[in-house]
Structures are given as C-alpha cells and as structure tokens.
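Participant: Dropping a structure here in structure tokens format, bear with me for questions.
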Amino acid sequence: MEDTNITNAEHTENGHRAGFVNIVGNPNVGKSTLMNDLVGERISIITSKAQTTRHRIMGIVNTPEYQIVYSDTPGVLKPKYKLQESMLEFSEGALTDADILLYVTDVVEEPEKNKDFLDRVAKETMPVLLVINKVDLLKDNAQLEALVDAWHKRLPNAEIFPTSATENFNVQNLKDRIVELLPPSPPFFGKDALTDKPARFFVTEIIREKLLLNYDKEIPYSTEVLVEKFEEKENSIHIMTVIYVERDSQKGIIIGKGGEKIKKVGIESRMDIEKFFGKKVHLEIFVKVEKDWRNRENKLRQFGYIE
C-alpha cells in the first residue's frame, strides 16, 4: 500500500493529469463511434439501431503524462420497463461523477428531445464539451452556423465541437481540448488498463451486436447474452454462452429454420472475438427462454444492470 502512495505522489508532483470524461446524449447520435475513435480501440458496439449500448462502458487512454477515462453511456430515453430504468440510471450517474462532460448530439435530431436531461446538463458547473456529430451530412457552412448558434443559446456554457466521428473530422481537436482540461491527478487505473470491463463482457457485447444486425423489430431488444464458460489457454479460448429470450416464439426465431440463423450469428461472433483477443476461439451458443426478464429485478441483477 505504501508503494502505491509513493507512486501516486510522484505522479502528481511530475504534473500528471487524470480525469473521467463521460459521454452522454440521446440514442443513435454516434456516442459509441465517437468513444471508439477517442480511445483508439473498439470498446463499444456500433450498429445503426437505437439503444445499442445498455451498460456504462469505460475506455482508458494512457500516456506517461495523463490518463483519460472515457465512459460511454446508454442513450437517454423515457423508460418503458425496468431494464430501461437501469439504463437511464447509468446515464444520469454520468452527470454526477465527471471531470469533463461530452454531450453528443447530431445534425438531424430535435434539440429539445429529452428536455429534462438537457436542462440538467445546462446547469452543470464542470466543463461541458458539446459535440455536434455527423456534420458530413450537412449541405453547407450556413447550415452548420445556424446549428452552432442554436446550440450556443441552449447550452451557453458549453464549448462546441462540430465533428464527424465516421470521417474522423475534428476529433483530434476535441482530444486536444480534453487533455488541456484534465485536472492534476495520479492515474485511477493501472497504466496498461484499456477498460474496467472483464474479457467476458466483450464476448457478450460482440454477440449482442450480431443479434442487432441479424434480427428485426423487437427480437434483439428482448435478448440478453451470458457467458457461462470462458477457458483461456495460450493459443485458444473455449467460450460457452447462452442467449436469453423472453418468449418461446422468440427462441424459434433466434435459432431459425434448421438452425441457420444461430449458426450465422455464431460464425460472425467467433470471427470478431478471435480478432478482439488475437486467438483461436471455440464458441458454443445456446438459446434459453427467461420469461419477461427485462422487468424482473433478480434477472437484471444477474445480468449486471442492478448492483
């Protein structure tokens, strides 16, 4: 314990800086794409569907001079069931423990969507960086200037950064400003840490992404993925997972005729998991019914949505 204190004291004396940068905003504005761009790793799953991020996911950037702990949060929404209540709590919690707040919007969303949450952001005393994402979709500078003016009136204390996360436009300027705003502090995590999440978490996120991409309507939102076995050897990993659904009919849809659909999900997931870990992966996927799990507190606790 004494060694850690000495290290922390040295870090602070040497001008080391560290801080929590929390990313908030409505669904589908590109928070996860931006997070991955800022971290330089594929930490958050990205699909074109709303409510992709369900947990609060940290991505950590380290240099000898600073440590930035980015936090991607679920999109802000009006909860319809207990799962979404937990998701909203992750987003609201991000307003209370940030050193810097990144509020992400885009060029197409209605600015007053989820007005209550925006009102809270407007009252924050911490530095707020307003990111207007997807500016590559605008026709001209006049449109951009009008947007910047409107947002400046809505969040007068925020610094505004027009960006395109997919085109990597103006992201470096945003990164530089974040570094400038970091407070003096020793690191919060080990300097080799990339995230606060365990390896199993990223397996579930990769499989969940494939479910979002391969199934329509409500099906992906009714699923949860749990890793039951994660055996890592030097050159390979054996993973056993369960996809939970809420109804028997959903189980049939997930599996597909002759097991074709679930086989496709398995192949795509395995390829991405192998890329992520840099090892051969033997992946097994089972499908089970857990009725109405999104509204059951014991299940939400088991799946990590309630502490």
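Please note that chains go A, B, ... in the order of the structure tokens, that every chain numbers its residues from 1, and that ligands are numbered from 1 in the order shown.
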Do you know which residues are at most 10 Å from Thr125 (chain A) counting only C-alpha atoms, after dropping those on the same chain fewer than 2 positions away, and could you put them as a PyMOL selection string?
Facilitator: chain A and resi 99-101+121-123+127-128+157
Participant: Take the selection from the previous step and output its residues with N, CA and C atoms, as a PDB file, in the first residue's frame.
Facilitator:
ATOM      1  N   ASP A  99     -15.325  14.672 -14.622  1.00  0.00           N
ATOM      2  CA  ASP A  99     -14.470  15.860 -14.605  1.00  0.00           C
ATOM      3  C   ASP A  99     -14.762  16.714 -15.836  1.00  0.00           C
ATOM      4  N   ILE A 100     -15.103  16.033 -16.936  1.00  0.00           N
ATOM      5  CA  ILE A 100     -15.468  16.707 -18.192  1.00  0.00           C
ATOM      6  C   ILE A 100     -16.673  15.955 -18.759  1.00  0.00           C
ATOM      7  N   LEU A 101     -17.659  16.697 -19.241  1.00  0.00           N
ATOM      8  CA  LEU A 101     -18.849  16.069 -19.808  1.00  0.00           C
ATOM      9  C   LEU A 101     -18.874  16.304 -21.315  1.00  0.00           C
ATOM     10  N   VAL A 121     -27.960  19.207 -17.853  1.00  0.00           N
ATOM     11  CA  VAL A 121     -26.639  19.457 -18.450  1.00  0.00           C
ATOM     12  C   VAL A 121     -26.338  20.960 -18.444  1.00  0.00           C
ATOM     13  N   ALA A 122     -27.358  21.777 -18.735  1.00  0.00           N
ATOM     14  CA  ALA A 122     -27.180  23.234 -18.791  1.00  0.00           C
ATOM     15  C   ALA A 122     -26.762  23.818 -17.439  1.00  0.00           C
ATOM     16  N   LYS A 123     -27.130  23.131 -16.360  1.00  0.00           N
ATOM     17  CA  LYS A 123     -26.819  23.644 -15.007  1.00  0.00           C
ATOM     18  C   LYS A 123     -25.463  23.163 -14.489  1.00  0.00           C
ATOM     19  N   PRO A 127     -16.661  21.429 -16.902  1.00  0.00           N
ATOM     20  CA  PRO A 127     -16.551  21.757 -18.324  1.00  0.00           C
ATOM     21  C   PRO A 127     -17.449  20.849 -19.163  1.00  0.00           C
ATOM     22  N   VAL A 128     -18.244  21.459 -20.027  1.00  0.00           N
ATOM     23  CA  VAL A 128     -19.117  20.701 -20.931  1.00  0.00           C
ATOM     24  C   VAL A 128     -18.661  20.962 -22.367  1.00  0.00           C
ATOM     25  N   ASN A 157     -22.823  27.713 -21.725  1.00  0.00           N
ATOM     26  CA  ASN A 157     -21.515  27.491 -21.091  1.00  0.00           C
ATOM     27  C   ASN A 157     -20.679  26.414 -21.775  1.00  0.00           C
TER      28      ASN A 157
END
Participant: I'd like to know which residues of region 113-264 of chain A are strand (DSSP E or B) (by DSSP, run on the backbone); could you write them as a ChimeraX atom specification?
Facilitator: /A:128-133,159-162,164,169,184,224-232,236-245
Participant: As an mmCIF file with C-alpha atoms, in the first residue's frame, please: every residue in region 75-284 of chain A that DSSP puts in helix (DSSP H, G or I).
Facilitator:
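Output below, filename out-v9.cif:
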data_model
loop_
_atom_site.group_PDB
_atom_site.id
_atom_site.type_symbol
_atom_site.label_atom_id
_atom_site.label_comp_id
_atom_site.auth_asym_id
_atom_site.auth_seq_id
_atom_site.Cartn_x
_atom_site.Cartn_y
_atom_site.Cartn_z
ATOM 1 C CA LYS A 82 -37.140 -1.956 -15.622
ATOM 2 C CA LEU A 83 -34.177 -2.597 -17.939
ATOM 3 C CA GLN A 84 -34.535 0.898 -19.415
ATOM 4 C CA GLU A 85 -34.829 2.376 -15.901
ATOM 5 C CA SER A 86 -31.401 0.887 -15.129
ATOM 6 C CA MET A 87 -30.037 2.207 -18.435
ATOM 7 C CA LEU A 88 -31.271 5.729 -17.588
ATOM 8 C CA GLU A 89 -29.615 5.493 -14.160
ATOM 9 C CA PHE A 90 -26.253 4.806 -15.889
ATOM 10 C CA SER A 91 -26.741 7.974 -17.979
ATOM 11 C CA GLU A 92 -27.859 10.147 -15.059
ATOM 12 C CA GLY A 93 -24.993 8.843 -12.908
ATOM 13 C CA LYS A 115 -35.545 18.336 -22.400
ATOM 14 C CA ASP A 116 -35.296 17.449 -18.670
ATOM 15 C CA PHE A 117 -31.919 15.785 -19.149
ATOM 16 C CA LEU A 118 -30.673 18.697 -21.253
ATOM 17 C CA ASP A 119 -31.803 21.163 -18.563
ATOM 18 C CA ARG A 120 -29.617 19.281 -16.078
ATOM 19 C CA VAL A 121 -26.639 19.457 -18.450
ATOM 20 C CA ALA A 122 -27.180 23.234 -18.791
ATOM 21 C CA LYS A 123 -26.819 23.644 -15.007
ATOM 22 C CA VAL A 135 -21.625 17.277 -39.849
ATOM 23 C CA ASP A 136 -20.659 15.449 -43.061
ATOM 24 C CA LEU A 137 -24.427 15.198 -43.720
ATOM 25 C CA ASN A 141 -21.484 26.082 -43.758
ATOM 26 C CA ALA A 142 -24.622 28.205 -43.353
ATOM 27 C CA GLN A 143 -26.490 25.158 -42.009
ATOM 28 C CA LEU A 144 -23.642 24.442 -39.598
ATOM 29 C CA GLU A 145 -23.501 28.059 -38.380
ATOM 30 C CA ALA A 146 -27.258 28.038 -37.688
ATOM 31 C CA LEU A 147 -26.916 24.813 -35.703
ATOM 32 C CA VAL A 148 -23.971 26.128 -33.679
ATOM 33 C CA ASP A 149 -25.925 29.335 -32.868
ATOM 34 C CA ALA A 150 -28.985 27.374 -31.763
ATOM 35 C CA TRP A 151 -26.941 25.100 -29.506
ATOM 36 C CA HIS A 152 -24.965 28.019 -28.093
ATOM 37 C CA LYS A 153 -28.255 29.568 -26.926
ATOM 38 C CA ARG A 154 -29.373 26.229 -25.437
ATOM 39 C CA VAL A 171 -11.865 14.577 -33.445
ATOM 40 C CA GLN A 172 -8.179 15.395 -32.863
ATOM 41 C CA ASN A 173 -9.065 18.976 -31.806
ATOM 42 C CA LEU A 174 -11.621 17.529 -29.401
ATOM 43 C CA LYS A 175 -8.988 15.140 -27.971
ATOM 44 C CA ASP A 176 -6.504 18.004 -27.529
ATOM 45 C CA ARG A 177 -9.063 20.111 -25.647
ATOM 46 C CA ILE A 178 -9.929 17.189 -23.345
ATOM 47 C CA VAL A 179 -6.243 16.779 -22.466
ATOM 48 C CA GLU A 180 -5.992 20.534 -21.709
ATOM 49 C CA LEU A 181 -8.966 20.328 -19.330
ATOM 50 C CA ALA A 199 -12.969 -10.143 -21.076
ATOM 51 C CA ARG A 200 -16.334 -11.937 -20.790
ATOM 52 C CA PHE A 201 -18.170 -8.622 -21.134
ATOM 53 C CA PHE A 202 -16.767 -8.022 -24.622
ATOM 54 C CA VAL A 203 -17.812 -11.510 -25.717
ATOM 55 C CA THR A 204 -21.418 -10.702 -24.746
ATOM 56 C CA GLU A 205 -21.226 -7.305 -26.485
ATOM 57 C CA ILE A 206 -19.943 -8.836 -29.737
ATOM 58 C CA ILE A 207 -22.708 -11.472 -29.761
ATOM 59 C CA ARG A 208 -25.319 -8.831 -28.901
ATOM 60 C CA GLU A 209 -24.111 -6.728 -31.831
ATOM 61 C CA LYS A 210 -24.655 -9.690 -34.190
ATOM 62 C CA LEU A 211 -28.177 -10.141 -32.812
ATOM 63 C CA LEU A 212 -28.910 -6.470 -33.512
ATOM 64 C CA LEU A 213 -27.595 -6.813 -37.066
ATOM 65 C CA ASN A 214 -29.243 -10.135 -37.955
ATOM 66 C CA ILE A 219 -36.210 -9.504 -31.193
ATOM 67 C CA PRO A 220 -32.705 -8.082 -30.455
ATOM 68 C CA TYR A 221 -34.048 -5.915 -27.613
ATOM 69 C CA SER A 222 -35.639 -8.942 -25.943
ATOM 70 C CA ASP A 248 -40.795 -19.443 -26.770
ATOM 71 C CA SER A 249 -41.671 -17.925 -30.166
ATOM 72 C CA GLN A 250 -38.543 -15.721 -29.956
ATOM 73 C CA LYS A 251 -36.390 -18.778 -29.323
ATOM 74 C CA GLY A 252 -37.576 -20.266 -32.621
ATOM 75 C CA ILE A 253 -36.833 -17.038 -34.494
ATOM 76 C CA ILE A 254 -33.321 -16.781 -32.994
ATOM 77 C CA ILE A 255 -32.476 -20.379 -33.935
ATOM 78 C CA LYS A 257 -35.008 -22.898 -39.836
ATOM 79 C CA GLY A 258 -32.635 -25.816 -39.380
ATOM 80 C CA GLY A 259 -30.522 -23.690 -37.050
ATOM 81 C CA GLU A 260 -29.334 -21.473 -39.924
ATOM 82 C CA LYS A 261 -29.784 -18.107 -38.194
ATOM 83 C CA ILE A 262 -27.998 -19.005 -34.962
ATOM 84 C CA LYS A 263 -25.199 -20.636 -36.970
ATOM 85 C CA LYS A 264 -24.657 -17.353 -38.858
ATOM 86 C CA VAL A 265 -24.580 -15.403 -35.557
ATOM 87 C CA GLY A 266 -22.055 -17.921 -34.189
ATOM 88 C CA ILE A 267 -19.717 -17.676 -37.197
ATOM 89 C CA GLU A 268 -19.789 -13.855 -37.283
ATOM 90 C CA SER A 269 -19.317 -13.603 -33.498
ATOM 91 C CA ARG A 270 -16.436 -16.078 -33.452
ATOM 92 C CA MET A 271 -14.582 -14.161 -36.167
ATOM 93 C CA ASP A 272 -14.867 -10.879 -34.245
ATOM 94 C CA ILE A 273 -13.985 -12.492 -30.895
ATOM 95 C CA GLU A 274 -10.865 -14.032 -32.468
ATOM 96 C CA LYS A 275 -9.914 -10.603 -33.822
ATOM 97 C CA PHE A 276 -10.521 -8.992 -30.431
ATOM 98 C CA PHE A 277 -8.414 -11.472 -28.424
#
Participant: Of the candidates A:Pro27, A:Asp97, A:Asp72, A:Leu300, which one gets nearest to Asn114 (chain A) if we count only C-alpha atoms?
Facilitator: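 The closest residue to Asn114 (chain A) is A:Pro27.
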Participant: Compare A:Lys280, A:Lys31, A:Lys113, A:His16 by their minimum atom-to-atom distance to Gln67 (chain A), counting only C-alpha atoms, and give me the closest one.
Facilitator: A:His16
Participant: List the neighbours of Ile160 (chain A) out to 8 Å using only C-alpha atoms; skip same-chain residues closer than 2 positions along the sequence, and give me the result as number ranges by chain.
Facilitator: A: 129-132, 148, 152, 158, 162
Participant: Can I get the selected residues back with N, CA and C atoms, as a CSV table (one decimal), in the first residue's frame?
Facilitator:
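Contents of part31.csv, freshly written:
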chain,number,residue,atom,x,y,z
A,129,LEU,N,-18.3,19.9,-23.1
A,129,LEU,CA,-18.0,20.0,-24.5
A,129,LEU,C,-19.2,19.4,-25.3
A,130,LEU,N,-19.8,20.3,-26.1
A,130,LEU,CA,-20.9,19.9,-26.9
A,130,LEU,C,-20.4,19.4,-28.3
A,131,VAL,N,-20.6,18.2,-28.6
A,131,VAL,CA,-20.2,17.6,-29.8
A,131,VAL,C,-21.4,17.5,-30.8
A,132,ILE,N,-21.3,18.3,-31.9
A,132,ILE,CA,-22.4,18.1,-32.9
A,132,ILE,C,-21.8,17.1,-34.0
A,148,VAL,N,-24.9,25.7,-34.8
A,148,VAL,CA,-24.0,26.1,-33.7
A,148,VAL,C,-24.6,27.3,-32.9
A,152,HIS,N,-25.6,27.1,-29.0
A,152,HIS,CA,-25.0,28.0,-28.1
A,152,HIS,C,-26.0,28.7,-27.2
A,158,ALA,N,-21.3,25.8,-22.8
A,158,ALA,CA,-20.6,24.6,-23.4
A,158,ALA,C,-19.6,25.1,-24.5
A,162,PRO,N,-18.1,20.9,-33.8
A,162,PRO,CA,-18.7,20.1,-34.9
A,162,PRO,C,-17.8,19.0,-35.3
Participant: Please determine, counting only C-alpha atoms, which residue among A:Glu290, A:Lys279, A:Gly256, A:Tyr244 has the shortest atom-to-atom distance to Tyr215 (chain A).
Facilitator: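 Checking each candidate against Tyr215 (chain A), we get A:Gly256 as the closest.
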Participant: Pick the closest to Ile68 (chain A) from A:Gly30, A:Pro156, A:Pro183, A:Pro111: which is it, counting only C-alpha atoms?
Facilitator: A:Pro183
Participant: Using only C-alpha atoms for the distances, tell me which of A:Lys134, A:Phe286, A:Pro187, A:Glu228 is nearest to Thr166 (chain A).
Facilitator: A:Lys134
Participant: Using Å and a single decimal, report how far CA of Asn235 (chain A) sits from CA of Phe303 (chain A).
Facilitator: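 Computing the Euclidean distance for CA of Phe303 (chain A) and CA of Asn235 (chain A) yields 28.8 Å.
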Participant: Select, from A:Met240, A:Ala18, A:Val24, A:Val29, the residue with the minimum atom-to-atom distance to Glu109 (chain A), counting only C-alpha atoms.
Facilitator: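 Nearest candidate to Glu109 (chain A) out of A:Met240, A:Ala18, A:Val24, A:Val29: A:Val29.
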Participant: As a VMD selection string, please: the residues near Lys233 (chain A) (cut-off 12 Å, only C-alpha atoms, same-chain neighbours under 3 positions excluded).
Facilitator: chain A and resid 230 236 to 239 277 279 to 282
Participant: Using only C-alpha atoms, which protein or nucleic acid residues come within 12 Å of Gln302 (chain A)? Drop anything in the same chain fewer than 6 positions from it, and give the result as a ChimeraX atom specification.
Facilitator: /A:224-227,293-294,296
Participant: Keeping only N, CA and C atoms, take the residues you just selected and write them out as a PDB file, in the first residue's frame.
Facilitator:
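For reference, out_3.pdb as written:
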ATOM      1  N   GLU A 224     -30.685 -11.195 -24.084  1.00  0.00           N
ATOM      2  CA  GLU A 224     -29.516 -10.905 -23.241  1.00  0.00           C
ATOM      3  C   GLU A 224     -28.546 -12.060 -23.415  1.00  0.00           C
ATOM      4  N   VAL A 225     -27.255 -11.773 -23.327  1.00  0.00           N
ATOM      5  CA  VAL A 225     -26.236 -12.801 -23.539  1.00  0.00           C
ATOM      6  C   VAL A 225     -25.433 -12.973 -22.254  1.00  0.00           C
ATOM      7  N   LEU A 226     -25.233 -14.215 -21.866  1.00  0.00           N
ATOM      8  CA  LEU A 226     -24.440 -14.513 -20.666  1.00  0.00           C
ATOM      9  C   LEU A 226     -23.342 -15.511 -21.032  1.00  0.00           C
ATOM     10  N   VAL A 227     -22.124 -15.255 -20.577  1.00  0.00           N
ATOM     11  CA  VAL A 227     -21.021 -16.200 -20.783  1.00  0.00           C
ATOM     12  C   VAL A 227     -20.980 -17.145 -19.585  1.00  0.00           C
ATOM     13  N   TRP A 293     -37.775 -11.200 -18.674  1.00  0.00           N
ATOM     14  CA  TRP A 293     -36.574 -10.893 -17.876  1.00  0.00           C
ATOM     15  C   TRP A 293     -36.311  -9.396 -17.741  1.00  0.00           C
ATOM     16  N   ARG A 294     -36.767  -8.591 -18.729  1.00  0.00           N
ATOM     17  CA  ARG A 294     -36.475  -7.148 -18.692  1.00  0.00           C
ATOM     18  C   ARG A 294     -37.189  -6.421 -17.549  1.00  0.00           C
ATOM     19  N   ARG A 296     -37.781  -8.137 -14.516  1.00  0.00           N
ATOM     20  CA  ARG A 296     -37.540  -8.901 -13.280  1.00  0.00           C
ATOM     21  C   ARG A 296     -36.221  -8.491 -12.632  1.00  0.00           C
TER      22      ARG A 296
END
Participant: In Å, how far is it from CA of Ile60 (chain A) to CA of Ala165 (chain A)?
Facilitator: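 Distance reported for this atom pair: 18.1 Å.
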